[in-house]
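Dropping coords.txt in here (compact mmCIF, C-alpha atoms):
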# COMPACT_ATOMS: atom_id res chain seq x y z
CA MET A 211 107.94 46.59 54.85
CA ASP A 212 111.47 45.67 55.83
CA SER A 213 113.68 43.92 53.31
CA ILE A 214 117.30 43.00 52.76
CA TRP A 215 119.47 44.38 49.89
CA LEU A 216 116.57 45.73 47.83
CA SER A 217 113.34 47.54 48.59
CA GLY A 218 110.09 45.60 48.69
CA ALA A 219 109.10 47.05 45.31
CA GLU A 220 112.45 45.99 43.83
CA TRP A 221 112.02 42.43 45.13
CA LEU A 222 108.61 42.32 43.45
CA ALA A 223 110.24 43.45 40.22
CA VAL A 224 112.77 40.63 40.64
CA LEU A 225 109.86 38.20 41.04
CA ARG A 226 108.20 39.60 37.89
CA VAL A 227 111.41 39.36 35.86
CA GLY A 228 111.98 35.81 37.14
CA LEU A 229 108.49 34.83 36.01
CA GLY A 230 109.23 36.37 32.62
CA LEU A 231 112.44 34.33 32.38
CA TRP A 232 110.42 31.21 33.23
CA TRP A 233 108.05 31.96 30.32
CA LEU A 234 111.02 32.56 28.04
CA GLU A 235 112.46 29.19 29.04
CA SER A 236 109.11 27.55 28.28
CA TRP A 237 109.32 29.12 24.82
CA ARG A 238 113.03 28.34 24.31
CA HIS A 239 112.88 24.64 25.08
CA LYS A 240 110.03 23.92 22.65
CA ASP A 241 111.09 22.27 19.41
CA LYS A 242 109.46 24.80 17.09
CA LYS A 243 109.92 22.60 14.01
CA ASP A 244 107.98 19.80 15.69
CA TRP A 245 105.37 22.20 17.06
CA PHE A 246 104.75 23.97 13.75
CA ALA A 247 105.45 21.34 11.08
CA GLN A 248 104.37 18.14 12.82
CA GLY A 249 101.96 19.63 15.36
CA SER A 250 103.54 17.62 18.18
CA GLY A 251 102.58 19.92 21.06
CA ILE A 252 98.95 20.25 20.03
CA ALA A 253 98.71 16.50 19.34
CA TRP A 254 100.13 15.78 22.80
CA ALA A 255 97.59 18.13 24.39
CA GLY A 256 94.84 16.54 22.28
CA ASP A 257 95.72 13.11 23.60
CA ILE A 258 95.52 14.40 27.16
CA ALA A 259 92.24 16.21 26.48
CA ALA A 260 90.70 13.12 24.87
CA ARG A 261 91.32 11.11 28.05
CA HIS A 262 90.36 13.91 30.45
CA LYS A 263 87.72 13.01 33.02
CA TRP A 264 85.94 16.36 32.66
CA HIS A 265 83.60 16.61 29.67
CA ALA A 266 84.07 20.40 29.54
CA VAL A 267 87.80 19.97 28.89
CA ARG A 268 87.25 17.38 26.16
CA SER A 269 84.52 19.37 24.42
CA GLY A 270 86.39 22.68 24.85
CA TYR A 271 89.47 21.21 23.22
CA ASP A 272 87.40 19.69 20.41
CA THR A 273 85.65 23.02 19.79
CA VAL A 274 88.54 25.48 20.10
CA VAL A 275 91.81 23.66 19.41
CA ARG A 276 91.22 20.52 17.34
CA PRO A 277 89.76 22.35 14.26
CA ARG A 278 92.79 24.66 14.06
CA PRO A 279 95.90 22.84 15.32
CA ARG A 280 98.42 24.86 13.31
CA VAL A 281 97.02 28.21 14.45
CA MET A 282 96.86 27.03 18.05
CA ALA A 283 100.49 25.85 17.91
CA TYR A 284 101.54 29.37 16.90
CA VAL A 285 99.26 30.92 19.53
CA VAL A 286 100.75 28.83 22.36
CA VAL A 287 104.39 29.20 21.33
CA TYR A 288 104.27 32.91 20.63
CA ALA A 289 102.07 33.65 23.65
CA GLU A 290 104.81 32.21 25.85
CA LEU A 291 107.41 34.36 24.07
CA ALA A 292 105.27 37.51 24.37
CA LEU A 293 104.59 36.87 28.05
CA GLY A 294 108.28 36.38 28.75
CA LEU A 295 109.39 39.50 26.90
CA GLY A 296 106.61 41.62 28.38
CA LEU A 297 107.36 40.58 31.94
CA VAL A 298 111.14 40.87 31.67
CA ALA A 299 110.92 44.32 30.07
CA GLY A 300 107.95 45.35 32.16
CA PHE A 301 105.94 46.32 29.08
CA LEU A 302 102.15 46.01 29.25
CA THR A 303 102.87 44.18 32.49
CA PRO A 304 99.33 43.96 33.92
CA VAL A 305 98.11 42.56 30.59
CA ALA A 306 100.94 40.02 30.53
CA LEU A 307 100.28 39.01 34.15
CA VAL A 308 96.55 38.47 33.57
CA CYS A 309 97.15 36.57 30.31
CA GLY A 310 99.89 34.46 31.91
CA LEU A 311 97.63 33.67 34.85
CA LEU A 312 94.88 32.57 32.47
CA LEU A 313 97.27 30.47 30.38
CA ASN A 314 98.61 28.77 33.51
CA LEU A 315 95.05 28.03 34.62
CA VAL A 316 94.29 26.47 31.22
CA TYR A 317 97.46 24.37 31.48
CA PHE A 318 96.57 23.49 35.08
CA VAL A 319 93.08 22.28 34.20
CA LEU A 320 94.23 20.38 31.10
CA MET A 321 97.05 18.68 33.00
CA ILE A 322 95.03 18.04 36.18
CA HIS A 323 96.39 14.49 36.45
CA ASP A 324 100.05 15.29 35.73
CA TRP A 325 101.46 16.27 39.11
CA ALA A 326 104.85 17.18 37.69
CA GLU A 327 103.24 19.92 35.59
CA GLN A 328 100.89 21.05 38.35
CA GLY A 329 103.63 22.41 40.58
CA GLN A 330 105.01 24.60 37.82
CA ASN A 331 101.61 25.92 36.76
CA ALA A 332 100.47 26.56 40.33
CA MET A 333 103.64 28.47 41.20
CA MET A 334 103.60 30.52 38.00
CA ALA A 335 99.94 31.39 38.59
CA LEU A 336 100.69 32.38 42.20
CA ILE A 337 103.60 34.60 41.12
CA SER A 338 101.35 36.24 38.50
CA LEU A 339 98.71 36.94 41.12
CA VAL A 340 101.22 38.39 43.61
CA ALA A 341 102.96 40.49 40.95
CA LEU A 342 99.59 41.78 39.75
CA GLY A 343 98.28 42.56 43.23
CA ALA A 344 101.53 44.26 44.25
CA VAL A 345 101.66 46.45 41.11
CA SER A 346 105.10 45.06 40.22
CA TRP A 347 105.35 47.21 37.08
CA GLU A 348 106.06 50.34 39.13
CA THR A 349 109.74 49.39 39.42
CA TRP A 350 112.29 48.52 36.71
CA SER A 351 109.78 48.56 33.86
CA LEU A 352 109.07 50.23 30.56
CA ASP A 353 105.52 50.75 31.82
CA ASN A 354 106.85 52.98 34.58
CA ALA A 355 109.28 54.80 32.28
CA LEU A 356 106.46 55.49 29.80
CA GLY A 357 103.97 56.45 32.51
CA LEU A 358 101.62 53.56 31.71
CA PHE A 359 99.25 52.11 34.32
CA THR A 360 100.01 54.79 36.92
Can you present the structure in this file as structure tokens?
Amino acid sequence: MDSIWLSGAEWLAVLRVGLGLWWLESWRHKDKKDWFAQGSGIAWAGDIAARHKWHAVRSGYDTVVRPRPRVMAYVVVYAELALGLGLVAGFLTPVALVCGLLLNLVYFVLMIHDWAEQGQNAMMALISLVALGAVSWETWSLDNALGLFT
């Protein structure tokens, strides 16, 4: 594989780190006080789920999220932080990539009618898939330094 400035493996590490920074930005811009104290993020998602055209989305939300809004707010916010830190540092990278891919797919399905959100979720999912398939943790990562996933 020919590349400019960096090796192909290094470019994949750049892509992985960029995805991690994207997750960190998703975490950073959330108003944690509103998410945790008022439950704004989960309420917003609940409103979307309640109007969703797919019964599976409505019933899934009602079964998993609605009974525990406070816990789910913490799960979402800190999952985004953990994904960002893991991908930037390259620690437990394959786990972070799979979990990030799954979280983006959940967001994608929930927000199926919000085209502004769809582009972000589709691109983040695609980057996760490419970084996973290309073993992006072999370069510039704690996983590589610690001999994990070799």
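For region 217-233 of chain A, the set of protein, DNA and RNA residues having any atom at most 7 Å away, when counting all atoms listed in the file and skipping those fewer than 3 positions along the same chain, is Met211, Ser213, Ser236, Trp237, Glu290, Leu291, Leu293, Gly294, Leu295, Leu297, Val298, Met334, Ala341, Ser346, Trp347, Thr349 and Trp350 of chain A.
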One decimal place gives the CA of Leu336 (chain A)-CA of Phe359 (chain A) separation as 21.3 Å
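Distances here use only C-alpha atoms; by that measure, the residue among A:Val316, A:Ala335, A:Met321, A:Ala247 closest to Val286 (chain A) is A:Val316.
Considering all atoms listed in the file, the residue among A:Gly300, A:Pro277, A:Gly251, A:Gly270 positioned nearest to Leu356 (chain A) is A:Gly300.
What separates CA of Ala255 (chain A) from CA of Leu311 (chain A) is a distance of 18.7 Å.
Proximity of A:Ile252, A:Ala289, A:Ile322, A:Leu352 to Val267 (chain A), computed with all atoms listed in the file, is greatest for A:Ile322.
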Please provide as a PyMOL selection string all residues within 10 Å of Ala332 (chain A), with the sequence filter that same-chain residues fewer than 5 positions apart are discarded (counting all atoms listed in the file).
-> chain A and resi 311+314-315+317-318+327+337-338
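Closest approach to Asp257 (chain A) from the set A:Trp245, A:Tyr288, A:Trp215, A:Tyr271 is made by A:Tyr271, with distances taken over all atoms listed in the file.
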From CA of Ala292 (chain A) to CA of His239 (chain A) the spacing works out at 15.0 Å
